[in-house]
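Colleague: Sharing a structure, written as structure tokens. Questions coming.
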Amino acid sequence: MKGKTAIITGAGRGIGRAVAVRLAKAGANVVINYLGNENAAKETQDLCLKEGAGATVVRGDVSCEEDCIRIVKTAVETFGTVDILVNNAGITRDGLLLRMDEKDFEAVMDTNLKGTFLMTKTVIRDMMKKRRGKIINVSSIVGIQGNPGQANYAAAKAGIIGFTKAAAREMAAKGININAVAPGFIETDMTAAMTDKAAETVTAAIPSGRLGKPEDVAETVAFLAGKESDYITGQIICVDGGLCMK
Ligand code: NAP
């Protein structure tokens with residue numbers, strides 16, 4: 001990926017950080033987007049610089065179009081172009097359906113689904129001109145099989161799957177590949193709130209017998225960002241130790 005530029009949203013922590021470091025290791029210049037935790041984003045930047053890649057940090061809310069435009073502009077001004085976009089930024093606001101209020105539904109839809117739409121819309125113009133580009137969306141197995149207490153999150157992640165397929169059909173002839181990964185349970189801040197008992201129950205249900213690591217997801221994203229996957233588009237790859245078999 002030498003000479004390529006990748007934007008990774010929500011790359012300060014967790015899966016986004018692992019993706020940024022993995023793409024930097026492959027030689028890409030990386031644009032590390034975050035929302036509130038600047039120190040974490042700078043730590044990701046240091047890790048990427050150690051790999052010998054170019055790395056810059058940009059704050060921005062992916063649910064705001066102005067911010068998306070600024071993130072992409074920063075990437076182009078710093079590295080000249082954008083070749084890879086990883087729509088990773090995501091949040092949860094869990095609650096049982098009867099008690100889920102509109103704000104929590106909207107917040108999850110805005111960051112996960114609208115953010116994916118806005119960032120994709122912003123980068124594709126340039127990718128279409130070059131007739132080349134790779135977009136990887138981070139969905140979830142929850143978007144495939146649902147999960148109690150996560151109606152908002154499941155809807156957003158299922159939406160990302162539909163969006164990925166529609167966008168892939170629109171963009172395939174323009175040389176832009178758009179795929180998604182659907183992680184299972186990955187050890188990050190997002191899943192850290194699980195009790196030991198819940199983690200034990202989940203682990204027992206995973207055929208591979210362990211929770212996933214951010215690096216497990218990063219490897220699949222790197223494959224979808226590289227030329228080895230040039231003939232793959234509109235696909236959803238579960239990275240979940242076999243938890244969800246379609
Ligand atoms: P995480 O550790 O909570 O990190 C989330 C990242 O997203 C942070 O860097 C955060 O920025 C950023 N972010 C949140 N809202 C944002 C916004 N509006 N604009 C820009 N950035 C924003 O989460 P994770 O577990 O790594 O999850 C990454 C992705 O994988 C998410 O889409 C998540 O839904 C998905 N996923 C995770 C799991 C899992 O088990 N962990 C499973 C399936 C799917 P700050 O650091 O600045 O707060």
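FYI, nothing fancy with the structure tokens labels: chains A, B, ... in order, residues from 1 per chain, ligands from 1 as they appear.
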Taking the chain letters and numbering used in this document, name the residues of region 155-186 of chain A that DSSP puts in strand (DSSP E), as a list in words.

Modeller: Ile176, Asn177, Ile178, Asn179, Ala180, Val181, Ala182 and Pro183 of chain A

Colleague: How would you report the residues lying within 6 Å of ligand 1, as a PyMOL selection string, if you count only C-alpha atoms and all ligand atoms?

Modeller: chain A and resi 9-16+34-37+60-63+88-91+111+138-140+183-191

Colleague: Find the residues around Arg93 (chain A) up to 8 Å (only C-alpha atoms counted), leave out those fewer than 3 positions away in its own chain, and share them as number ranges by chain.

Modeller: A: 104-105, 107-108, 150, 152-153

Colleague: What is the CA of Arg169 (chain A) to CA of Met128 (chain A) distance in Å?

Modeller: 13.7 Å

Colleague: Quick one, how far is CA of Lys2 (chain A) from CA of Gly27 (chain A)?

Modeller: 4.4 Å

Colleague: Please return as number ranges by chain: the residues of region 20-152 of chain A that backbone DSSP assigns to alpha helix (DSSP H).

Modeller: A: 20-25, 38-50, 65-79, 102-108, 115-130, 142-145, 151-152

Colleague: Can you work out which one of A:Leu85, A:Leu97, A:Leu243, A:Ala193 has the shortest atom-to-atom distance to Leu211 (chain A), counting only C-alpha atoms?

Modeller: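 For Leu211 (chain A), the nearest of the candidates is A:Leu243.
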
Colleague: Which residue, A:Ala41, A:Ala199, A:Met119, A:Ile32, has the smallest gap to Glu66 (chain A) when you use only C-alpha atoms?

Modeller: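 So, comparing all the options, the nearest one is A:Met119.
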
Colleague: At a cut-off of 12 Å, using only C-alpha atoms, what residues contact Tyr231 (chain A)? Leave out same-chain residues fewer than 5 positions from it and give the result as an mmCIF file with C-alpha atoms, in the first residue's frame.

Modeller:
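Once written, result_39.cif looks like this:
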```cif
data_model
loop_
_atom_site.group_PDB
_atom_site.id
_atom_site.type_symbol
_atom_site.label_atom_id
_atom_site.label_comp_id
_atom_site.auth_asym_id
_atom_site.auth_seq_id
_atom_site.Cartn_x
_atom_site.Cartn_y
_atom_site.Cartn_z
ATOM 1 C CA LYS A 134 -11.642 0.862 -1.654
ATOM 2 C CA ALA A 168 -21.217 -1.428 -4.348
ATOM 3 C CA ALA A 172 -18.446 -1.264 -9.276
ATOM 4 C CA ALA A 173 -18.202 -0.013 -12.864
ATOM 5 C CA GLY A 175 -13.560 0.934 -10.146
ATOM 6 C CA ILE A 176 -14.604 1.434 -6.515
ATOM 7 C CA ASN A 177 -14.962 -1.657 -4.318
ATOM 8 C CA ILE A 178 -17.276 -1.339 -1.324
ATOM 9 C CA ASN A 179 -17.431 -4.145 1.228
ATOM 10 C CA PHE A 223 -7.326 -7.641 2.812
ATOM 11 C CA LEU A 224 -10.365 -5.683 1.589
ATOM 12 C CA ALA A 225 -8.231 -2.538 1.258
ATOM 13 C CA GLY A 226 -5.528 -4.268 -0.799
#
```

Colleague: Mind checking which residues fall within 8 Å of region 48-52 of chain A, counting only C-alpha atoms, ignoring those fewer than 4 positions away in the same chain, and posting them as a PyMOL selection string?

Modeller: chain A and resi 20-21+24-25+27+30+44

Colleague: Let me see the file: selected residues, N, CA, C and O atoms, as a compact mmCIF listing (two decimals), in the first residue's frame.

Modeller:
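File part_12.txt, as written:
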```
# COMPACT_ATOMS: atom_id res chain seq x y z
N ALA A 20 -5.76 1.28 11.63
CA ALA A 20 -4.79 2.33 11.23
C ALA A 20 -3.36 1.78 11.29
O ALA A 20 -2.57 1.96 10.35
N VAL A 21 -3.03 1.08 12.37
CA VAL A 21 -1.66 0.56 12.53
C VAL A 21 -1.39 -0.51 11.47
O VAL A 21 -0.30 -0.54 10.87
N ALA A 24 -0.88 1.18 8.15
CA ALA A 24 0.42 1.87 8.19
C ALA A 24 1.55 0.86 8.00
O ALA A 24 2.52 1.10 7.28
N LYS A 25 1.41 -0.30 8.63
CA LYS A 25 2.41 -1.37 8.49
C LYS A 25 2.53 -1.80 7.03
O LYS A 25 3.61 -2.14 6.55
N GLY A 27 2.26 0.15 4.63
CA GLY A 27 2.88 1.24 3.87
C GLY A 27 1.98 2.42 3.57
O GLY A 27 2.43 3.41 2.98
N VAL A 30 -1.84 7.30 6.77
CA VAL A 30 -3.14 7.17 7.42
C VAL A 30 -3.65 8.49 8.00
O VAL A 30 -2.88 9.28 8.55
N THR A 44 -2.41 6.65 18.69
CA THR A 44 -2.53 5.89 17.43
C THR A 44 -1.56 6.45 16.39
O THR A 44 -0.87 5.70 15.69
```

Colleague: At what distance in Å, to one decimal, does CA of Gly162 (chain A) lie from CA of Thr74 (chain A)?

Modeller: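 About the pair CA of Thr74 (chain A) and CA of Gly162 (chain A): they are 28.8 Å apart.
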
Colleague: So, counting only C-alpha atoms, which residue among A:Ala55, A:Ile136, A:Met127, A:Cys68 is closest to Ile160 (chain A)?

Modeller: A:Ile136

Colleague: Pick the closest to Asp230 (chain A) from A:Gly80, A:Gly133, A:Gly159, A:Pro148: which is it, counting only C-alpha atoms?

Modeller: A:Gly133

Colleague: Considering only C-alpha atoms, return as a PDB file with N, CA, C and O atoms, in the first residue's frame whatever protein or nucleic-acid residues lie within 8 Å of Ala180 (chain A), sequence-local ones (same chain, fewer than 3 positions apart) excluded.

Modeller:
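The file below, selection-v6.pdb, is the result:
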```pdb
ATOM      1  N   ILE A 136     -14.380   0.306   3.051  1.00  0.00           N
ATOM      2  CA  ILE A 136     -14.724  -0.816   3.940  1.00  0.00           C
ATOM      3  C   ILE A 136     -15.578  -0.257   5.082  1.00  0.00           C
ATOM      4  O   ILE A 136     -15.147   0.640   5.814  1.00  0.00           O
ATOM      5  N   ASN A 137     -16.780  -0.784   5.205  1.00  0.00           N
ATOM      6  CA  ASN A 137     -17.698  -0.343   6.259  1.00  0.00           C
ATOM      7  C   ASN A 137     -17.680  -1.350   7.410  1.00  0.00           C
ATOM      8  O   ASN A 137     -17.657  -2.558   7.170  1.00  0.00           O
ATOM      9  N   VAL A 138     -17.728  -0.826   8.628  1.00  0.00           N
ATOM     10  CA  VAL A 138     -17.739  -1.727   9.783  1.00  0.00           C
ATOM     11  C   VAL A 138     -19.184  -1.873  10.279  1.00  0.00           C
ATOM     12  O   VAL A 138     -19.768  -0.960  10.851  1.00  0.00           O
ATOM     13  N   SER A 139     -19.753  -3.037   9.978  1.00  0.00           N
ATOM     14  CA  SER A 139     -21.101  -3.370  10.441  1.00  0.00           C
ATOM     15  C   SER A 139     -20.953  -4.169  11.739  1.00  0.00           C
ATOM     16  O   SER A 139     -20.074  -3.889  12.560  1.00  0.00           O
ATOM     17  N   ILE A 161     -25.316  -2.687   6.031  1.00  0.00           N
ATOM     18  CA  ILE A 161     -25.225  -3.823   5.093  1.00  0.00           C
ATOM     19  C   ILE A 161     -25.980  -3.488   3.796  1.00  0.00           C
ATOM     20  O   ILE A 161     -25.457  -3.666   2.694  1.00  0.00           O
ATOM     21  N   THR A 164     -24.054  -0.818   1.930  1.00  0.00           N
ATOM     22  CA  THR A 164     -22.843  -1.369   1.300  1.00  0.00           C
ATOM     23  C   THR A 164     -23.189  -2.029  -0.038  1.00  0.00           C
ATOM     24  O   THR A 164     -22.510  -1.818  -1.054  1.00  0.00           O
ATOM     25  N   GLY A 234     -19.362  -5.607  -2.562  1.00  0.00           N
ATOM     26  CA  GLY A 234     -20.721  -5.832  -2.054  1.00  0.00           C
ATOM     27  C   GLY A 234     -20.830  -6.988  -1.075  1.00  0.00           C
ATOM     28  O   GLY A 234     -21.928  -7.465  -0.786  1.00  0.00           O
ATOM     29  N   GLN A 235     -19.692  -7.407  -0.516  1.00  0.00           N
ATOM     30  CA  GLN A 235     -19.703  -8.569   0.389  1.00  0.00           C
ATOM     31  C   GLN A 235     -19.645  -8.138   1.863  1.00  0.00           C
ATOM     32  O   GLN A 235     -19.110  -7.087   2.195  1.00  0.00           O
ATOM     33  N   ILE A 236     -20.193  -8.996   2.699  1.00  0.00           N
ATOM     34  CA  ILE A 236     -20.170  -8.759   4.140  1.00  0.00           C
ATOM     35  C   ILE A 236     -19.397  -9.932   4.756  1.00  0.00           C
ATOM     36  O   ILE A 236     -19.847 -11.085   4.662  1.00  0.00           O
ATOM     37  N   ILE A 237     -18.243  -9.663   5.332  1.00  0.00           N
ATOM     38  CA  ILE A 237     -17.431 -10.748   5.897  1.00  0.00           C
ATOM     39  C   ILE A 237     -17.518 -10.706   7.426  1.00  0.00           C
ATOM     40  O   ILE A 237     -17.139  -9.717   8.066  1.00  0.00           O
TER      41      ILE A 237
END
```

Colleague: For Ala6 (chain A), which residue among A:Glu102, A:Asp83, A:Glu170, A:Glu77 is the nearest when counting only C-alpha atoms?

Modeller: A:Asp83

Colleague: Please provide as a PyMOL selection string all residues within 10 Å of Phe79 (chain A), with the sequence filter that same-chain residues fewer than 3 positions apart are discarded (counting only C-alpha atoms).

Modeller: chain A and resi 3-6+29-31+54-56+73-76+82

Colleague: Can you write out the residues you just picked, keeping C-alpha atoms, as a PDB file, in the first residue's frame?

Modeller:
```
ATOM      1  CA  GLY A   3       1.901   5.712  -1.612  1.00  0.00           C
ATOM      2  CA  LYS A   4      -1.778   5.042  -0.847  1.00  0.00           C
ATOM      3  CA  THR A   5      -3.762   7.130   1.616  1.00  0.00           C
ATOM      4  CA  ALA A   6      -6.366   5.721   3.982  1.00  0.00           C
ATOM      5  CA  ASN A  29      -0.359   7.014   4.878  1.00  0.00           C
ATOM      6  CA  VAL A  30      -3.143   7.170   7.423  1.00  0.00           C
ATOM      7  CA  VAL A  31      -5.619   9.848   8.424  1.00  0.00           C
ATOM      8  CA  GLY A  54       2.749   9.218   7.180  1.00  0.00           C
ATOM      9  CA  ALA A  55       0.071   9.806   9.809  1.00  0.00           C
ATOM     10  CA  THR A  56      -2.120  12.766  10.655  1.00  0.00           C
ATOM     11  CA  LYS A  73      -9.991  17.932   2.686  1.00  0.00           C
ATOM     12  CA  THR A  74      -7.329  17.409   5.370  1.00  0.00           C
ATOM     13  CA  ALA A  75      -6.436  14.036   3.845  1.00  0.00           C
ATOM     14  CA  VAL A  76      -6.094  15.488   0.334  1.00  0.00           C
ATOM     15  CA  VAL A  82      -7.668   9.345  -0.770  1.00  0.00           C
TER      16      VAL A  82
END
```
